[in-house]
Amino acid sequence: MTNRVDQLFAVFLIFFGCYVVWAGTDYGYMRGTTPGPGFFPAIVGGVIVVLSVVNLVRSLAGSERLADSMKLIDLAKIAGISLGLLGVVLLTPYLGLMVAVALLMLVVGFTINPTLDKKFLLRLLPTCALFPVFLKFGFGHLLGIPVPVNLFGF
Amino acid sequence: MEIFFLLFEGIAQAAQPATLSATLFGVVIGLFIGALPGLGPTAGVAIMLPVAIGFGGVPALACLAGVYYGAMFGGAVTSILLGIPGDAPSVMTVLDGHPMARNGEAGRALGMSVFASFFGGMIGLLGLVVLSIPIAKAALAFGPTEMTALMCLALSLASVLGGANPFKSFVALGIGFWLGMIGIDPIAGPIRFNFGFIELFEGLDFAIIAVGLFGLTAIYTSLGSDVKNEMVSFKFSNLFPRLKDALQSRWALLQGAVIGVFVGVLPGVGATTATMISYALAKRSSKTPERFGSGAIEGIAAPESANNSASYSSMIPLFTLGIPGSATTAVMMGGLLMLGLQPGPLLFTNNGDFIWTVFGSFWIGNLMLVFLTLLLTPLLASVLFISTALLYPAVLATVVFGVFAIEYSMSAVIITLLAGTFGLILLKLEYPPVPLILGLIIGPMLERNIRRTLIQSEGDLFVFLERPIALSLFVLTALVILSPLIGRFIRRPAAPA
């Protein structure tokens with residue numbers, strides 16, 4: 001499975017390299033006798049294409065065997081954390097960064113350990129409530145960062 | 001003698017409250033990060049980068065360096081008490097440290113680890129101070145052509161710093177180059193690869209990518225392992241190093257420290273290799289090598305001395321030549337650039353006060369770590385028993401506040417998320433992330449130098465080969481790139497006649 005993904009990724013990089021070369025020539029490879037803004041992208045894109053072809057051939061020829069793919073449960077946890085981070089971006093304008101991060105912490109905590117065990121909740125909930133306050137104080141007051149706030153000012 | 005005078009002045013400056021508290025903050029965080037399996041010094045420095053930059057100037061760098069060498073100290077605690085190395089350079093410490101702990105000598109092993117780390121750190125710092133000035137002075141003779149050649153050499157390290165497949169390392173380097181091209185072209189003006197996003201006009205911030213690529217990826221990859229172990233007990237009074245042990249391990253300590261200095265300077269080799277070499281040498285030179293692996297005190301002294309010595313000497317190429325020789329120093333280089341400082345020989349001329357105060361803070365940090373490690377050992381060991389379901393929410397919350405603080409924009413969180421996801425894909429497909437970071441940092445500088453040189457020479461490429469230093473560096477670069485192929489050719493068995 002991982003080897004197939006590796007091959008697909010190499011193909012993606014070949015197309016990506018072609019795009020970088022194309023964009024490079026579009027920006028202008030040379031301006032008279034001197035290199036233009038597209039000079040470097042064209043070279044880098046070309047190198048990516050050539051090396052990705054080598055990687056694809058190596059993978060197809062079986063010269064490289066990758067380790068097994070990740071477990072489904074771990075992928076689900078990663079997806080949960082990523083969605084949590086995305087949620088912070090979407091909710092911060094309405095809830096403020098402190099509250100949005102507190103919710104993120106809850107999501108991450110339950111994603112990693114999906115249980116309603118009383119002992120776990122007694123540790124997680126206070127952490128989620130107090131840690132963002134500590135961060136808001138550190139970043140907002142000590143470092144002077146303008147931390148986004150909600151309508152109520154926190 | 002002058003360098004020692006400058007160093008003492010630097011130590012006095014570093015003793016100012018702002019730098020002192022930043023160093024303390026960095027080493028404490030580093031100690032805990034070092035103790036946690038999965039989050040090594042690179043992830044720690046990357047996660048702390050946005051926070052530390054907020055301190056500004058010397059305190060920022062003192063804090064980042066504190067995280068780096070603090071993690072080196074912290075890694076040994078869990079290696080000895082639990083048999084779990086917090087990071088790669090602590091692996092060798094497990095071999096003798098954990099058997100000693102199981103034999104009821106945990107305090108003695110920890111005491112030696114702290115003393116060896118301190119001793120190695122001091123020798124590494126001495127190497128950093130003594131070697132930096134001559135190297136920087138020699139590098140002052142470098143013009144733009146030589147600097148271009150030097151950057152090519154630095155980038156060729158992608159083949160050393162990368163994984164087993166050099167082709168993938170160079171693809172990762174190319175992706176890093178491309179990321180570095182996003183935004184306004186500094187010479188001709190057009191905006192490149194911004195896909196219509198205003199946020200990308202000024203390019204990608206290095207720290208945001210580093211936090212995603214190293215910090216977030218480290219969290220993602222360690223999600224599957226929630227450690228449940230039994231800790232070996234110890235007495236606080238036994239933690240203090242014994243004179244008898246120090247005398248018994250004197251050669252192992254010295255060997256480890258010296259190996260650490262020289263191996264640490266070599267780009268791409270790093271502290272882990274230094275620990276392996278010093279352990280092997282200590283075992284070979286011992287009259288009773290059979291004790292190694294079952295609880296020899298020298299088996300702790302040698303690798304701990306080497307890894308701390310190497311962590312300081314690995315900063316020599318960073319400060320003097322602007323070449324990051326490891327993933328952690330690459331992230332630290334990003335920190336220097338964010339502070340508006342260009343690492344390289346001119347740093348010593350233009351920002352002498354800064355650099356000596358930073359070196360001074362390293363001395364203070366090393367001394368601080370001795371007391372802090374002894375005091376915090378019980379706490380450090382217990383960190384491993386905190387569930388990731390409680391720890392990672394706090395780490396991610398810090399990441400969100402930290403990356404927001406860089407650009408005052410939530411788009412930084414999205415870029416971190418993308419970098420973390422991309423980092424995970426790269427890691428699973430065995431594309432090493434370090435060359436990508438090298439490309440992102442050095443790529444824009446290299447492009448500017450190449451284009452400026454070619455503009456001056458009106459497109460004549462031979463200008464790069466006219467100066468002997470540049471030519472030598474290009475030859476060295478070619479050798480580094482081709483070394484895996486040459487090695488493979490040499491190792492290939494002769495065909496039967």
# chains A, B, ... in the order shown; residues from 1 in each chain; ligands from 1

$ interface_residues --of "chain B" --to "chain A" --cutoff "6 Å" --atoms "only C-alpha atoms" --output "list in words"
Phe167, Val171, Gly174, Gly224, Ala389, Pro393, Ala397, Met410, Leu429, Ile455, Glu458 and Gly459 of chain B

$ write_last_selection --atoms "C-alpha atoms" --output "CSV table (one decimal), in the first residue's frame"
chain,number,residue,atom,x,y,z
B,167,PHE,CA,17.3,11.1,-4.7
B,171,VAL,CA,13.7,16.1,-4.2
B,174,GLY,CA,13.9,21.1,-4.4
B,224,GLY,CA,0.3,5.5,18.4
B,389,ALA,CA,-4.3,12.8,25.8
B,393,PRO,CA,-3.6,19.2,23.9
B,397,ALA,CA,-2.5,25.0,22.3
B,410,MET,CA,-4.8,32.7,11.7
B,429,LEU,CA,7.3,7.9,2.2
B,455,ILE,CA,24.1,40.0,-13.5
B,458,GLU,CA,26.7,39.5,-17.7
B,459,GLY,CA,25.7,35.9,-17.7

$ select_by_dssp --residues "chain A" --states "strand (DSSP E)" --output "PyMOL selection string"
chain A and resi 30-31+34-35

$ write_last_selection --atoms "N, CA and C atoms" --output "compact mmCIF listing (two decimals), in the first residue's frame"
# COMPACT_ATOMS: atom_id res chain seq x y z
N MET A 30 15.27 34.29 -18.85
CA MET A 30 16.40 35.22 -18.99
C MET A 30 15.87 36.60 -19.37
N ARG A 31 16.61 37.60 -18.91
CA ARG A 31 16.32 38.97 -19.35
C ARG A 31 17.59 39.48 -20.01
N THR A 34 21.15 38.27 -18.69
CA THR A 34 21.12 37.97 -17.24
C THR A 34 19.89 37.15 -16.86
N PRO A 35 20.02 36.37 -15.76
CA PRO A 35 18.89 35.51 -15.37
C PRO A 35 17.70 36.31 -14.84

$ residues_around --residues "Met147 in chain B" --least-positions-apart "5" --cutoff "10 Å" --atoms "only C-alpha atoms" --output "ChimeraX atom specification"
/B:139,141-142,152-153,321-322,344,445-446,449-450,469-470,473

$ select_by_dssp --residues "range 34-93 of chain A" --states "helix (DSSP H, G or I)" --output "MDAnalysis selection string"
chainID A and resid 39:60 72:93

$ residues_around --residues "Leu49 in chain B" --least-positions-apart "5" --cutoff "12 Å" --atoms "only C-alpha atoms" --output "PyMOL selection string"
chain B and resi 26+41-44+54-56+59-68+205-212+214-215+328-339+398-399+401-403+405-406

$ closest_residue --among "A:Val99, A:Val57, A:Val149, A:Leu116" --to "Ala129 in chain A" --atoms "only C-alpha atoms"
A:Val99
